[in-house]
Amino acid sequence: MTNLYTQLVSKVLFRLHERLKGHSTYKMLARLEQSQWLSSQQIAQIQQQRLQQFIADISNRSPYYQQLFKAEGLSASDINTIADLSKLPFLTKQLITDNQQALCSEPQHTLQRYNTGGSSGIPLIFYMGKARVSHDVAAKLRATRWWDVDIGDPEVVLWGSPIELGKQDKIKKVRDTLFRSYLLPAFEFTPAHIEAYLKQLQQLKPKMLFGYPSVIHQLALAAEARQLSLAELGVKVVFVTSEMLFEHQRAVIERVFNCPVANGYGARDAGFIAHQCPAGSLHISAEDIIVEIIDNNGKVLPTGESGEIVITHLQTQAFPFVRYRTGDMGQLSDTPCSCGRGLPILAHVSGRTTDFILTTAGDKLHALSLIYVLRDLKEIRQFKIIQHSLTEVEVQLVCVAPLSESLATHIVSQFQQRLGTDCNVTLKQRDVIASLPNGKHRYVESKLA
């Protein structure tokens with residue numbers, strides 16, 4: 001019966017859902033499921049053809065890239081290969097912020113507005129067209145099916161984005177119930193929350209979990225401490241993303257849930273970049289995503305060398321992401337995967353850590369719950385949160401203008417609501433916030449870790 005219902009959702013209901021939204025998800029999915037079995041050389045040819053079409057499109061339609069090509073003395077025909085991308089400058093969060101309107105190839109009101117979680121300390125507002133949304137859903141569906149699960153199978157999502165958590169209206173509740181996708185907020189991890197989540201897992205018996213590795217790891221540890229067997233739930237796979245997955249976390253999750261952990265690498269801004277197959281490789285969605293690895297000077301590094309990950313997303317015609325600097329570190333591999341897919345491999349990714357901090361009562365709190373207090377405030381350019389003790393938290397801020405008393409009071413109040421009213425929250429304005437030695441920005445630091 002479960003199998004039949006899953007087929008109803010994946011083959012009928014979700015297809016209808018995507019069609020009504022004007023998405024070409026299933027058309028893209030069919031293409032991706034065929035191309036993944038091509039040789040690496042054939043996939044590279046597809047990628048190059050798509051790049052040429054993409055560059056021709058944005059050089060004609062995006063005011064930002066029209067002006068850039070003119071200023072650089074370039075034409076679309078000058079960008080034929082991935083190597084030719086080096087003729088174009090990198091795209092950064094600041095450039096996107098400064099050129100939001102000019103980047104749009106379509107009227108802004110026809111696009112979907114998104115913002116990032118601010119994990120780099122600099123929240124980003126950007127836009128997506130339907131092709132980009134369709135691709136990212138299709139690429140995720142393809143990777144999900146690698147593990148013999150599909151849309152419609154019972155799924156529990158442990159997530160923290162207010163975009164997801166803020167849309168729990170009646171229509172979405174009905175839709176999620178229909179698709180058997182159940183969202184559990186990942187911000188607070190008090191004993192009461194943990195107890196409730198463990199009970200919900202036992203009731204829902206999901207075929208797959210999806211969420212932050214740190215949260216699922218904490219949940220697994222809590223179950224183990226309670227001598228609660230989650231192996232009997234029948235979870236087939238745990239999908240993790242948005243943070244660095246550490247091997248000790250993987251080991252605990254796999255032991256407690258008695259199923260494999262599938263790591264994924266992507267971001268709301270950069271797209272669904274790579275996902276782990278059952279053979280263990282992190283495969284890049286290379287038909288539509290180009291990954292470059294660069295050194296500190298911006299020079300492209302050869303396969304096997306570690307550097308910053310730079311993304312060109314070929315389904316972002318409406319709001320182009322070309323040579324976008326992710327701030328994450330990684331390296332490529334040219335070793336073929338035993339699964340037989342010709343998709344290239346991202347050998348290693350680092351730099352996506354999201355810490356827990358502690359409330360004054362000693363309960364764990366997901367750091368993103370504090371980040372979301374700050375990320376959408378137009379008065380704040382950058383931030384860093386430092387927990388010195390259970391009752392002492394410092395918030396460093398780079399502001400557009402001196403912080404008003406009312407806004408400062410609001411920030412302190414929001415922090416104390418989450419951390420405890422007896423927490424002393426100190427706001428400190430800075431001209432700059434120092435980066436780590438590798439150039440990355442650590443947005444949350446706990447001295448209690």
# chains A, B, ... in the order shown; residues from 1 in each chain; ligands from 1

$ select_by_dssp --residues "range 156-386 of chain A" --states "helix (DSSP H, G or I)" --output "PDB file with C-alpha atoms, in the first residue's frame"
ATOM      1  CA  PRO A 162      12.005  30.747   8.509  1.00  0.00           C
ATOM      2  CA  ILE A 163      11.051  30.591   4.820  1.00  0.00           C
ATOM      3  CA  GLU A 164       9.935  27.033   5.460  1.00  0.00           C
ATOM      4  CA  LEU A 165       8.791  27.531   9.047  1.00  0.00           C
ATOM      5  CA  LYS A 170      -3.598  25.617   5.739  1.00  0.00           C
ATOM      6  CA  ILE A 171      -2.748  24.988   2.078  1.00  0.00           C
ATOM      7  CA  LYS A 172       0.848  24.040   2.823  1.00  0.00           C
ATOM      8  CA  LYS A 173      -0.201  21.812   5.709  1.00  0.00           C
ATOM      9  CA  VAL A 174      -2.593  19.976   3.414  1.00  0.00           C
ATOM     10  CA  ARG A 175       0.079  19.697   0.720  1.00  0.00           C
ATOM     11  CA  ASP A 176       2.741  18.390   3.107  1.00  0.00           C
ATOM     12  CA  THR A 177       0.291  15.896   4.578  1.00  0.00           C
ATOM     13  CA  LEU A 178      -0.598  14.762   1.060  1.00  0.00           C
ATOM     14  CA  PHE A 179       3.094  14.299   0.170  1.00  0.00           C
ATOM     15  CA  PRO A 191      14.898  18.122  26.648  1.00  0.00           C
ATOM     16  CA  ALA A 192      11.182  18.742  26.041  1.00  0.00           C
ATOM     17  CA  HIS A 193      11.759  19.300  22.308  1.00  0.00           C
ATOM     18  CA  ILE A 194      13.949  16.207  22.028  1.00  0.00           C
ATOM     19  CA  GLU A 195      11.349  14.105  23.832  1.00  0.00           C
ATOM     20  CA  ALA A 196       8.597  15.366  21.522  1.00  0.00           C
ATOM     21  CA  TYR A 197      10.655  14.787  18.365  1.00  0.00           C
ATOM     22  CA  LEU A 198      11.563  11.236  19.349  1.00  0.00           C
ATOM     23  CA  LYS A 199       7.874  10.473  19.946  1.00  0.00           C
ATOM     24  CA  GLN A 200       6.951  11.980  16.565  1.00  0.00           C
ATOM     25  CA  LEU A 201       9.562   9.863  14.813  1.00  0.00           C
ATOM     26  CA  GLN A 202       8.093   6.747  16.416  1.00  0.00           C
ATOM     27  CA  GLN A 203       4.609   7.739  15.304  1.00  0.00           C
ATOM     28  CA  LEU A 204       5.504   8.812  11.752  1.00  0.00           C
ATOM     29  CA  PRO A 213      23.835  16.742  10.547  1.00  0.00           C
ATOM     30  CA  SER A 214      24.416  18.435  13.906  1.00  0.00           C
ATOM     31  CA  VAL A 215      20.707  18.290  14.765  1.00  0.00           C
ATOM     32  CA  ILE A 216      20.178  14.676  13.667  1.00  0.00           C
ATOM     33  CA  HIS A 217      23.387  13.697  15.489  1.00  0.00           C
ATOM     34  CA  GLN A 218      22.090  15.278  18.699  1.00  0.00           C
ATOM     35  CA  LEU A 219      18.769  13.498  18.263  1.00  0.00           C
ATOM     36  CA  ALA A 220      20.551  10.162  17.772  1.00  0.00           C
ATOM     37  CA  LEU A 221      22.663  10.711  20.907  1.00  0.00           C
ATOM     38  CA  ALA A 222      19.520  11.541  22.892  1.00  0.00           C
ATOM     39  CA  ALA A 223      17.829   8.345  21.701  1.00  0.00           C
ATOM     40  CA  GLU A 224      20.893   6.316  22.619  1.00  0.00           C
ATOM     41  CA  ALA A 225      21.039   7.878  26.090  1.00  0.00           C
ATOM     42  CA  ALA A 231      16.531   1.066  14.151  1.00  0.00           C
ATOM     43  CA  GLU A 232      12.992  -0.319  14.277  1.00  0.00           C
ATOM     44  CA  LEU A 233      11.547   2.762  12.560  1.00  0.00           C
ATOM     45  CA  GLU A 247      32.787  11.196  10.612  1.00  0.00           C
ATOM     46  CA  HIS A 248      31.868  10.787  14.277  1.00  0.00           C
ATOM     47  CA  GLN A 249      28.426  12.234  13.475  1.00  0.00           C
ATOM     48  CA  ARG A 250      27.985   9.860  10.550  1.00  0.00           C
ATOM     49  CA  ALA A 251      28.974   6.885  12.711  1.00  0.00           C
ATOM     50  CA  VAL A 252      26.493   7.725  15.483  1.00  0.00           C
ATOM     51  CA  ILE A 253      23.602   8.449  13.075  1.00  0.00           C
ATOM     52  CA  GLU A 254      24.185   5.262  11.080  1.00  0.00           C
ATOM     53  CA  ARG A 255      24.449   3.190  14.254  1.00  0.00           C
ATOM     54  CA  VAL A 256      21.313   4.573  15.909  1.00  0.00           C
ATOM     55  CA  PHE A 257      19.070   4.630  12.810  1.00  0.00           C
ATOM     56  CA  LEU A 368      20.695  29.735  13.297  1.00  0.00           C
ATOM     57  CA  SER A 369      17.916  30.849  15.643  1.00  0.00           C
ATOM     58  CA  LEU A 370      20.152  33.797  16.627  1.00  0.00           C
ATOM     59  CA  ILE A 371      21.390  34.380  13.094  1.00  0.00           C
ATOM     60  CA  TYR A 372      17.808  34.874  11.908  1.00  0.00           C
ATOM     61  CA  VAL A 373      17.374  37.717  14.403  1.00  0.00           C
ATOM     62  CA  LEU A 374      20.110  39.643  12.579  1.00  0.00           C
TER      63      LEU A 374
END

$ residues_around --residues "Val137 in chain A" --least-positions-apart "3" --cutoff "12 Å" --atoms "only C-alpha atoms" --output "JSON, numbers by chain"
{"A": [14, 15, 18, 23, 24, 25, 26, 27, 28, 29, 32, 130, 131, 132, 133, 134, 140, 141, 142, 143, 144, 151, 268, 271, 272, 273, 285]}

$ write_last_selection --atoms "N, CA and C atoms" --output "compact mmCIF listing (two decimals), in the first residue's frame"
# COMPACT_ATOMS: atom_id res chain seq x y z
N PHE A 14 2.54 15.02 -7.44
CA PHE A 14 3.63 16.01 -7.44
C PHE A 14 3.88 16.54 -8.85
N ARG A 15 3.71 15.72 -9.86
CA ARG A 15 3.82 16.21 -11.24
C ARG A 15 2.80 17.32 -11.50
N GLU A 18 3.83 20.53 -9.65
CA GLU A 18 4.89 21.27 -10.34
C GLU A 18 4.38 21.93 -11.62
N HIS A 23 6.49 24.92 -13.38
CA HIS A 23 7.85 24.37 -13.34
C HIS A 23 8.01 23.24 -14.35
N SER A 24 9.22 23.10 -14.86
CA SER A 24 9.54 22.03 -15.82
C SER A 24 10.33 20.93 -15.13
N THR A 25 10.04 20.69 -13.87
CA THR A 25 10.80 19.77 -13.02
C THR A 25 10.94 18.37 -13.61
N TYR A 26 9.84 17.79 -14.02
CA TYR A 26 9.88 16.39 -14.47
C TYR A 26 10.51 16.24 -15.85
N LYS A 27 10.41 17.27 -16.66
CA LYS A 27 11.11 17.26 -17.95
C LYS A 27 12.62 17.26 -17.70
N MET A 28 13.05 18.10 -16.75
CA MET A 28 14.47 18.15 -16.39
C MET A 28 14.91 16.85 -15.73
N LEU A 29 14.06 16.30 -14.87
CA LEU A 29 14.41 15.06 -14.18
C LEU A 29 14.64 13.92 -15.17
N LEU A 32 18.02 14.46 -16.70
CA LEU A 32 19.11 14.20 -15.76
C LEU A 32 19.29 12.70 -15.47
N LYS A 130 11.92 30.37 -12.79
CA LYS A 130 11.33 29.03 -12.71
C LYS A 130 12.28 27.93 -13.17
N ALA A 131 13.17 28.24 -14.12
CA ALA A 131 14.12 27.23 -14.58
C ALA A 131 15.06 26.81 -13.46
N ARG A 132 15.55 27.78 -12.70
CA ARG A 132 16.45 27.49 -11.58
C ARG A 132 15.74 26.65 -10.51
N VAL A 133 14.52 27.04 -10.15
CA VAL A 133 13.77 26.30 -9.14
C VAL A 133 13.51 24.87 -9.62
N SER A 134 13.10 24.75 -10.88
CA SER A 134 12.81 23.43 -11.45
C SER A 134 14.05 22.54 -11.42
N LYS A 140 17.52 17.30 -6.90
CA LYS A 140 17.31 16.68 -5.59
C LYS A 140 16.53 15.37 -5.74
N LEU A 141 15.51 15.37 -6.59
CA LEU A 141 14.73 14.15 -6.81
C LEU A 141 15.60 13.03 -7.37
N ARG A 142 16.47 13.39 -8.33
CA ARG A 142 17.37 12.39 -8.90
C ARG A 142 18.23 11.76 -7.80
N ALA A 143 18.82 12.60 -6.97
CA ALA A 143 19.70 12.09 -5.91
C ALA A 143 18.92 11.28 -4.88
N THR A 144 17.69 11.70 -4.59
CA THR A 144 16.85 10.96 -3.65
C THR A 144 16.60 9.55 -4.16
N ILE A 151 9.71 11.10 -3.60
CA ILE A 151 8.68 11.99 -3.10
C ILE A 151 7.40 11.18 -2.89
N ARG A 268 21.24 27.64 -0.58
CA ARG A 268 20.09 28.32 -1.17
C ARG A 268 20.51 29.25 -2.30
N GLY A 271 22.77 26.76 -5.14
CA GLY A 271 22.02 25.69 -5.79
C GLY A 271 22.32 24.31 -5.24
N PHE A 272 21.68 23.31 -5.83
CA PHE A 272 21.87 21.90 -5.44
C PHE A 272 23.10 21.40 -6.20
N ILE A 273 24.25 21.43 -5.56
CA ILE A 273 25.52 21.27 -6.26
C ILE A 273 25.95 19.81 -6.39
N SER A 285 26.13 17.91 -9.90
CA SER A 285 25.05 18.01 -10.91
C SER A 285 25.61 18.76 -12.12

$ residues_around --residues "Asp98 in chain A" --least-positions-apart "3" --cutoff "12 Å" --atoms "only C-alpha atoms" --output "PyMOL selection string"
chain A and resi 64+91-95+101-103+124-126

$ write_last_selection --atoms "C-alpha atoms" --output "compact mmCIF listing (two decimals), in the first residue's frame"
# COMPACT_ATOMS: atom_id res chain seq x y z
CA TYR A 64 24.60 43.67 -15.53
CA LEU A 91 30.56 37.19 -8.49
CA THR A 92 30.36 37.92 -4.76
CA LYS A 93 27.59 38.50 -2.23
CA GLN A 94 28.47 42.19 -2.16
CA LEU A 95 28.28 42.50 -5.96
CA GLN A 101 18.11 45.04 -10.18
CA ALA A 102 20.71 45.04 -12.98
CA LEU A 103 21.33 41.29 -12.64
CA LEU A 124 22.10 37.75 0.86
CA ILE A 125 18.90 38.66 -1.00
CA PHE A 126 18.62 37.32 -4.54

$ closest_residue --among "A:His366, A:Thr97, A:Thr326, A:Pro154" --to "Arg381 in chain A" --atoms "only C-alpha atoms"
A:Thr97

$ residues_around --residues "range 69-86 of chain A" --least-positions-apart "2" --cutoff "7 Å" --atoms "only C-alpha atoms" --output "NGL selection string"
:A and (48 or 52 or 55-56 or 59 or 65-67 or 88)

$ write_last_selection --atoms "N, CA and C atoms" --output "PDB file, in the first residue's frame"
ATOM      1  N   GLN A  48      29.444  21.966 -21.770  1.00  0.00           N
ATOM      2  CA  GLN A  48      30.002  23.026 -22.613  1.00  0.00           C
ATOM      3  C   GLN A  48      28.935  23.633 -23.522  1.00  0.00           C
ATOM      4  N   GLN A  52      27.605  27.599 -23.421  1.00  0.00           N
ATOM      5  CA  GLN A  52      27.541  28.510 -24.566  1.00  0.00           C
ATOM      6  C   GLN A  52      26.153  29.133 -24.705  1.00  0.00           C
ATOM      7  N   ILE A  55      25.641  31.675 -21.707  1.00  0.00           N
ATOM      8  CA  ILE A  55      26.378  32.927 -21.875  1.00  0.00           C
ATOM      9  C   ILE A  55      25.737  33.800 -22.950  1.00  0.00           C
ATOM     10  N   ALA A  56      25.313  33.181 -24.043  1.00  0.00           N
ATOM     11  CA  ALA A  56      24.639  33.930 -25.110  1.00  0.00           C
ATOM     12  C   ALA A  56      23.373  34.588 -24.569  1.00  0.00           C
ATOM     13  N   SER A  59      24.275  37.471 -21.836  1.00  0.00           N
ATOM     14  CA  SER A  59      24.971  38.620 -22.445  1.00  0.00           C
ATOM     15  C   SER A  59      24.002  39.495 -23.222  1.00  0.00           C
ATOM     16  N   TYR A  65      25.296  41.920 -17.077  1.00  0.00           N
ATOM     17  CA  TYR A  65      26.270  41.233 -17.928  1.00  0.00           C
ATOM     18  C   TYR A  65      26.399  41.891 -19.307  1.00  0.00           C
ATOM     19  N   GLN A  66      25.376  42.564 -19.759  1.00  0.00           N
ATOM     20  CA  GLN A  66      25.517  43.364 -20.987  1.00  0.00           C
ATOM     21  C   GLN A  66      26.603  44.412 -20.780  1.00  0.00           C
ATOM     22  N   GLN A  67      26.512  45.118 -19.658  1.00  0.00           N
ATOM     23  CA  GLN A  67      27.484  46.169 -19.343  1.00  0.00           C
ATOM     24  C   GLN A  67      28.877  45.582 -19.094  1.00  0.00           C
ATOM     25  N   LEU A  88      36.006  36.129 -17.200  1.00  0.00           N
ATOM     26  CA  LEU A  88      34.974  36.873 -16.480  1.00  0.00           C
ATOM     27  C   LEU A  88      35.352  37.013 -15.011  1.00  0.00           C
TER      28      LEU A  88
END

$ residues_around --residues "Pro302 in chain A" --least-positions-apart "5" --cutoff "12 Å" --atoms "only C-alpha atoms" --output "MDAnalysis selection string"
chainID A and resid 83 291:295 307 330:334

$ write_last_selection --atoms "N, CA and C atoms" --output "PDB file, in the first residue's frame"
ATOM      1  N   ALA A  83      37.340  26.784 -19.366  1.00  0.00           N
ATOM      2  CA  ALA A  83      38.587  27.548 -19.206  1.00  0.00           C
ATOM      3  C   ALA A  83      38.378  29.021 -19.562  1.00  0.00           C
ATOM      4  N   VAL A 291      31.768  23.652 -11.473  1.00  0.00           N
ATOM      5  CA  VAL A 291      32.527  23.891 -10.251  1.00  0.00           C
ATOM      6  C   VAL A 291      33.978  24.195 -10.610  1.00  0.00           C
ATOM      7  N   GLU A 292      34.461  25.337 -10.160  1.00  0.00           N
ATOM      8  CA  GLU A 292      35.885  25.678 -10.266  1.00  0.00           C
ATOM      9  C   GLU A 292      36.461  25.734  -8.855  1.00  0.00           C
ATOM     10  N   ILE A 293      37.729  25.395  -8.725  1.00  0.00           N
ATOM     11  CA  ILE A 293      38.437  25.510  -7.447  1.00  0.00           C
ATOM     12  C   ILE A 293      39.547  26.545  -7.640  1.00  0.00           C
ATOM     13  N   ILE A 294      39.559  27.568  -6.789  1.00  0.00           N
ATOM     14  CA  ILE A 294      40.538  28.652  -6.965  1.00  0.00           C
ATOM     15  C   ILE A 294      41.414  28.806  -5.720  1.00  0.00           C
ATOM     16  N   ASP A 295      42.594  29.392  -5.931  1.00  0.00           N
ATOM     17  CA  ASP A 295      43.489  29.663  -4.798  1.00  0.00           C
ATOM     18  C   ASP A 295      43.208  31.051  -4.234  1.00  0.00           C
ATOM     19  N   GLY A 307      40.994  24.322  -2.633  1.00  0.00           N
ATOM     20  CA  GLY A 307      40.842  25.771  -2.692  1.00  0.00           C
ATOM     21  C   GLY A 307      39.385  26.152  -2.518  1.00  0.00           C
ATOM     22  N   GLY A 330      37.150  23.195  -0.971  1.00  0.00           N
ATOM     23  CA  GLY A 330      36.957  21.837  -1.462  1.00  0.00           C
ATOM     24  C   GLY A 330      37.963  21.480  -2.536  1.00  0.00           C
ATOM     25  N   GLN A 331      37.841  20.274  -3.055  1.00  0.00           N
ATOM     26  CA  GLN A 331      38.697  19.852  -4.158  1.00  0.00           C
ATOM     27  C   GLN A 331      37.956  18.856  -5.036  1.00  0.00           C
ATOM     28  N   LEU A 332      38.352  18.803  -6.307  1.00  0.00           N
ATOM     29  CA  LEU A 332      37.748  17.893  -7.275  1.00  0.00           C
ATOM     30  C   LEU A 332      38.559  16.610  -7.376  1.00  0.00           C
ATOM     31  N   SER A 333      37.917  15.550  -7.856  1.00  0.00           N
ATOM     32  CA  SER A 333      38.591  14.282  -8.077  1.00  0.00           C
ATOM     33  C   SER A 333      38.300  13.797  -9.486  1.00  0.00           C
ATOM     34  N   ASP A 334      39.274  13.149 -10.117  1.00  0.00           N
ATOM     35  CA  ASP A 334      39.043  12.569 -11.452  1.00  0.00           C
ATOM     36  C   ASP A 334      38.987  11.046 -11.391  1.00  0.00           C
TER      37      ASP A 334
END

$ atom_distance --atom1 "CA of Gln387 in chain A" --atom2 "CA of Gly362 in chain A"
12.5 Å

$ atom_distance --atom1 "CA of Cys277 in chain A" --atom2 "CA of Arg145 in chain A"
9.8 Å

$ atom_distance --atom1 "CA of Val235 in chain A" --atom2 "CA of Asn3 in chain A"
14.7 Å

$ closest_residue --among "A:Tyr443, A:Phe415, A:Phe210, A:Tyr127" --to "Thr359 in chain A" --atoms "only C-alpha atoms"
A:Phe415
